[in-house]
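To start, the structure under review is shown below, and the notes come after it.
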Amino acid sequence: MLLALLLGLFTVDASAQNNNPRRQNNRGPSLSLGFQIVQPNGDFKNYYNGNPVGIGGAFLLNGGRSPFAFGIGYSWQSMGKADESIRIREGENINGDPVYGSGQMAVSSSIHSYHTMARFNPLAGKVQPYVDAIAGFKSFTTKTTITADNGGYSEVVSEDRAARDVAVSYGWAAGLKLEVVSGIMVEARVEGLIGGQTTFIDPESILIDKEGNMDFDNIESKTNSTVFQLGISFEF
């Protein structure tokens, strides 16, 4: 609720600035949100068969008339998920024999990216092309979740991180914003990222047995990629 109120206030403020001829060339903060699809490149493409999809966002600050802005970006993409019905030990009966219930084990792999950005945005009107310099890191994470079936409803009984590794990430981006209403723009961007060497679980190799034991293969690879994003940008 508070975030919605703040966005509303910033949008009204942006509208007032756009109606003021003396401030039309000014630039201010922007918040971008969008859907992403990743195209692995090089070794990453050879070892990982798929196109991770997810969401991304960035917040940049720019005061005054300078064409330069600086900020931070975050994105999450899913690399795949495996799940299997398992039996969960619930205890023992009066004879000391184990008692089992039914459940589900899910294994999900994802990429979390954290970047700083420096942007050159030469135009401040209804059409805004830009280019970014990007630097940061990516985290490749695999998480396991065990859910028990309890008489018509499910309960998460265990969550664990099976693997995590990080890689340096840097590169460039180019984008275009088109104003749809005052303070809100449609945005399309493409990123070319150089990713360092890292180790991650091959989602296609994950095997889960009925006892909830997991087997998998590790991949060691560079993580170069191209990221395509389509979304909206709030101009404050």
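In the structure tokens, chains take letters A, B, ... by order of appearance, with residues numbered from 1 within each chain and ligands from 1 in the order shown.
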Within 9 Å of stretch 233-235 of chain A, counting only C-alpha atoms, which residues qualify if same-chain residues fewer than 2 places away don't, as a ChimeraX atom specification?
-> /A:7,10-11,14,27-34,177,182-187,231
Save the residues we just selected, C-alpha atoms, as a short mmCIF file (atom, residue, chain, number, x, y, z; two decimals), in the first residue's frame?
data_model
loop_
_atom_site.label_atom_id
_atom_site.label_comp_id
_atom_site.auth_asym_id
_atom_site.auth_seq_id
_atom_site.Cartn_x
_atom_site.Cartn_y
_atom_site.Cartn_z
CA LEU A 7 4.44 5.58 -6.92
CA PHE A 10 5.90 10.37 -7.91
CA THR A 11 3.77 9.92 -11.04
CA ALA A 14 6.39 13.69 -13.00
CA ARG A 27 15.80 14.10 -15.84
CA GLY A 28 14.96 12.40 -12.57
CA PRO A 29 14.90 8.97 -10.91
CA SER A 30 13.45 6.00 -12.79
CA LEU A 31 12.23 2.56 -11.73
CA SER A 32 12.10 -0.17 -14.39
CA LEU A 33 10.39 -3.57 -14.14
CA GLY A 34 10.12 -6.20 -16.84
CA LYS A 177 11.75 3.92 -23.73
CA SER A 182 2.90 11.04 -18.46
CA GLY A 183 5.45 9.45 -16.12
CA ILE A 184 5.07 5.88 -17.49
CA MET A 185 7.02 4.47 -20.44
CA VAL A 186 7.17 1.13 -22.25
CA GLU A 187 10.76 -0.12 -22.19
CA GLY A 231 8.50 -4.00 -19.41
#
Identify, on the basis of only C-alpha atoms, every residue whose closest approach to A:Gly71 does not exceed 7 Å; exclude the query and any residue fewer than 4 positions from it along the same chain; express the result as a ChimeraX atom specification.
-> /A:59-61,116-118
Can I get the selection written as a CSV table (one decimal), in the first residue's frame, with N, CA and C atoms?
chain,number,residue,atom,x,y,z
A,59,PHE,N,16.8,0.6,-10.6
A,59,PHE,CA,16.5,1.9,-10.1
A,59,PHE,C,17.7,2.8,-10.3
A,60,LEU,N,17.5,4.0,-11.0
A,60,LEU,CA,18.5,4.9,-11.4
A,60,LEU,C,18.2,6.3,-10.9
A,61,LEU,N,19.3,7.0,-10.5
A,61,LEU,CA,19.1,8.4,-10.0
A,61,LEU,C,19.8,9.3,-11.0
A,116,THR,N,25.6,-3.0,-10.7
A,116,THR,CA,25.5,-1.5,-10.7
A,116,THR,C,25.5,-1.1,-12.1
A,117,MET,N,25.0,0.1,-12.4
A,117,MET,CA,24.8,0.6,-13.8
A,117,MET,C,25.2,2.1,-13.9
A,118,ALA,N,25.8,2.4,-15.0
A,118,ALA,CA,26.1,3.8,-15.4
A,118,ALA,C,25.4,4.0,-16.8
Å distance separating atom CA of A:Met105 from atom CA of A:Asn218, one decimal place =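 Atom CA of A:Asn218 lies 19.7 Å from atom CA of A:Met105.
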From the list A:Ala162, A:Ala133, A:Val127, A:Ile232, which residue is nearest A:Met214 when using only C-alpha atoms?
->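 Nearest candidate to A:Met214 out of A:Ala162, A:Ala133, A:Val127, A:Ile232: A:Ala162.
In this comparison, which uses only C-alpha atoms, the residue of A:Asn41, A:Thr144, A:Ser139, A:Asn46 approaching A:Asn213 most closely is A:Thr144.
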Residue nearest A:Val190 - candidates A:Phe216, A:Phe70, A:Tyr48, A:Phe35, atoms counted: only C-alpha atoms |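 Smallest separation from A:Val190 among the options: A:Phe35.
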Counting only C-alpha atoms, what is within 8 Å of stretch 90-103 of chain A, bar same-chain residues fewer than 6 positions away, as an MDAnalysis selection string?
-> chainID A and resid 146:149
Counting only C-alpha atoms, the option among A:Phe137, A:Ser158, A:Gln128, A:Val227 closest to A:Gln197 =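 Looking only at the distances to A:Gln197, the closest residue turns out to be A:Phe137.
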Which is closer to A:Arg89 than all the others in A:Leu123, A:Ala58, A:Val157, A:Leu207, using only C-alpha atoms?
-> A:Val157
What does the distance between atom CA of A:Tyr47 and atom CA of A:Ser85 come to in Å, to one decimal place?
->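 Computing it gives 27.9 Å between the two atoms.
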With a distance cut-off of 9 Å and only C-alpha atoms, select the neighbouring residues of A:Tyr170, excluding the residue or stretch itself and same-chain residues fewer than 6 positions from it, and output the selection as a PyMOL selection string.
-> chain A and resi 115+133-137+192-196
Looking at A:Asp202, A:Glu84, A:Glu179, A:Glu155, which one is nearest to A:Thr142, with distances taken over only C-alpha atoms?
->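 Of the candidates, the smallest distance to A:Thr142 is held by A:Asp202.
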Who sits within 9 Å of A:Ile55, only C-alpha atoms, same chain under 4 positions skipped, as number ranges by chain = A: 33-37, 74-77, 229
Looking only at the backbone, which of the residues in stretch 26-180 of chain A does DSSP tag as alpha helix (DSSP H), as a list in words?
->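 The residues of stretch 26-180 of chain A classed as alpha helix (DSSP H) are Gly42, Asp43, Phe44, Lys45, Asn46 and Tyr47 of chain A.
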With N, CA and C atoms retained, export the selected residues as a compact mmCIF listing (two decimals), in the first residue's frame.
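What follows is the written file again.txt:
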# COMPACT_ATOMS: atom_id res chain seq x y z
N GLY A 42 28.30 -19.18 -25.73
CA GLY A 42 29.59 -19.83 -25.52
C GLY A 42 29.46 -21.14 -24.76
N ASP A 43 30.36 -21.33 -23.78
CA ASP A 43 30.35 -22.56 -22.98
C ASP A 43 29.03 -22.74 -22.25
N PHE A 44 28.45 -21.65 -21.79
CA PHE A 44 27.19 -21.72 -21.07
C PHE A 44 26.11 -22.38 -21.95
N LYS A 45 26.07 -22.01 -23.23
CA LYS A 45 25.11 -22.59 -24.15
C LYS A 45 25.40 -24.06 -24.40
N ASN A 46 26.69 -24.42 -24.45
CA ASN A 46 27.07 -25.81 -24.71
C ASN A 46 26.69 -26.74 -23.56
N TYR A 47 26.76 -26.23 -22.32
CA TYR A 47 26.53 -27.07 -21.15
C TYR A 47 25.10 -27.00 -20.61
How many Å lie between atom CA of A:Leu230 and atom CA of A:Val131, rounded to one decimal?
-> 15.5 Å
Determine, counting only C-alpha atoms, which protein, DNA and RNA residues have an atom within 9 Å of an atom of A:Glu211; residues of the same chain fewer than 6 positions away are not included. Present the result as a compact mmCIF listing (two decimals) with N, CA and C atoms, in the first residue's frame.
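As written to disk, selection05.txt reads:
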# COMPACT_ATOMS: atom_id res chain seq x y z
N ILE A 86 7.38 -38.48 -2.85
CA ILE A 86 8.24 -39.24 -1.96
C ILE A 86 7.44 -39.68 -0.74
N ARG A 87 8.04 -40.55 0.06
CA ARG A 87 7.43 -40.92 1.34
C ARG A 87 8.26 -40.29 2.45
N ILE A 88 7.57 -39.78 3.45
CA ILE A 88 8.20 -39.04 4.55
C ILE A 88 7.99 -39.81 5.85
N ARG A 89 9.07 -40.07 6.55
CA ARG A 89 8.96 -40.78 7.82
C ARG A 89 8.32 -39.86 8.85
Name the residues of stretch 41-197 of chain A that come out as strand (DSSP E) in a backbone DSSP run; write them as an MDAnalysis selection string.
-> chainID A and resid 53:61 68:92 98:120 127:150 153:181 184:195
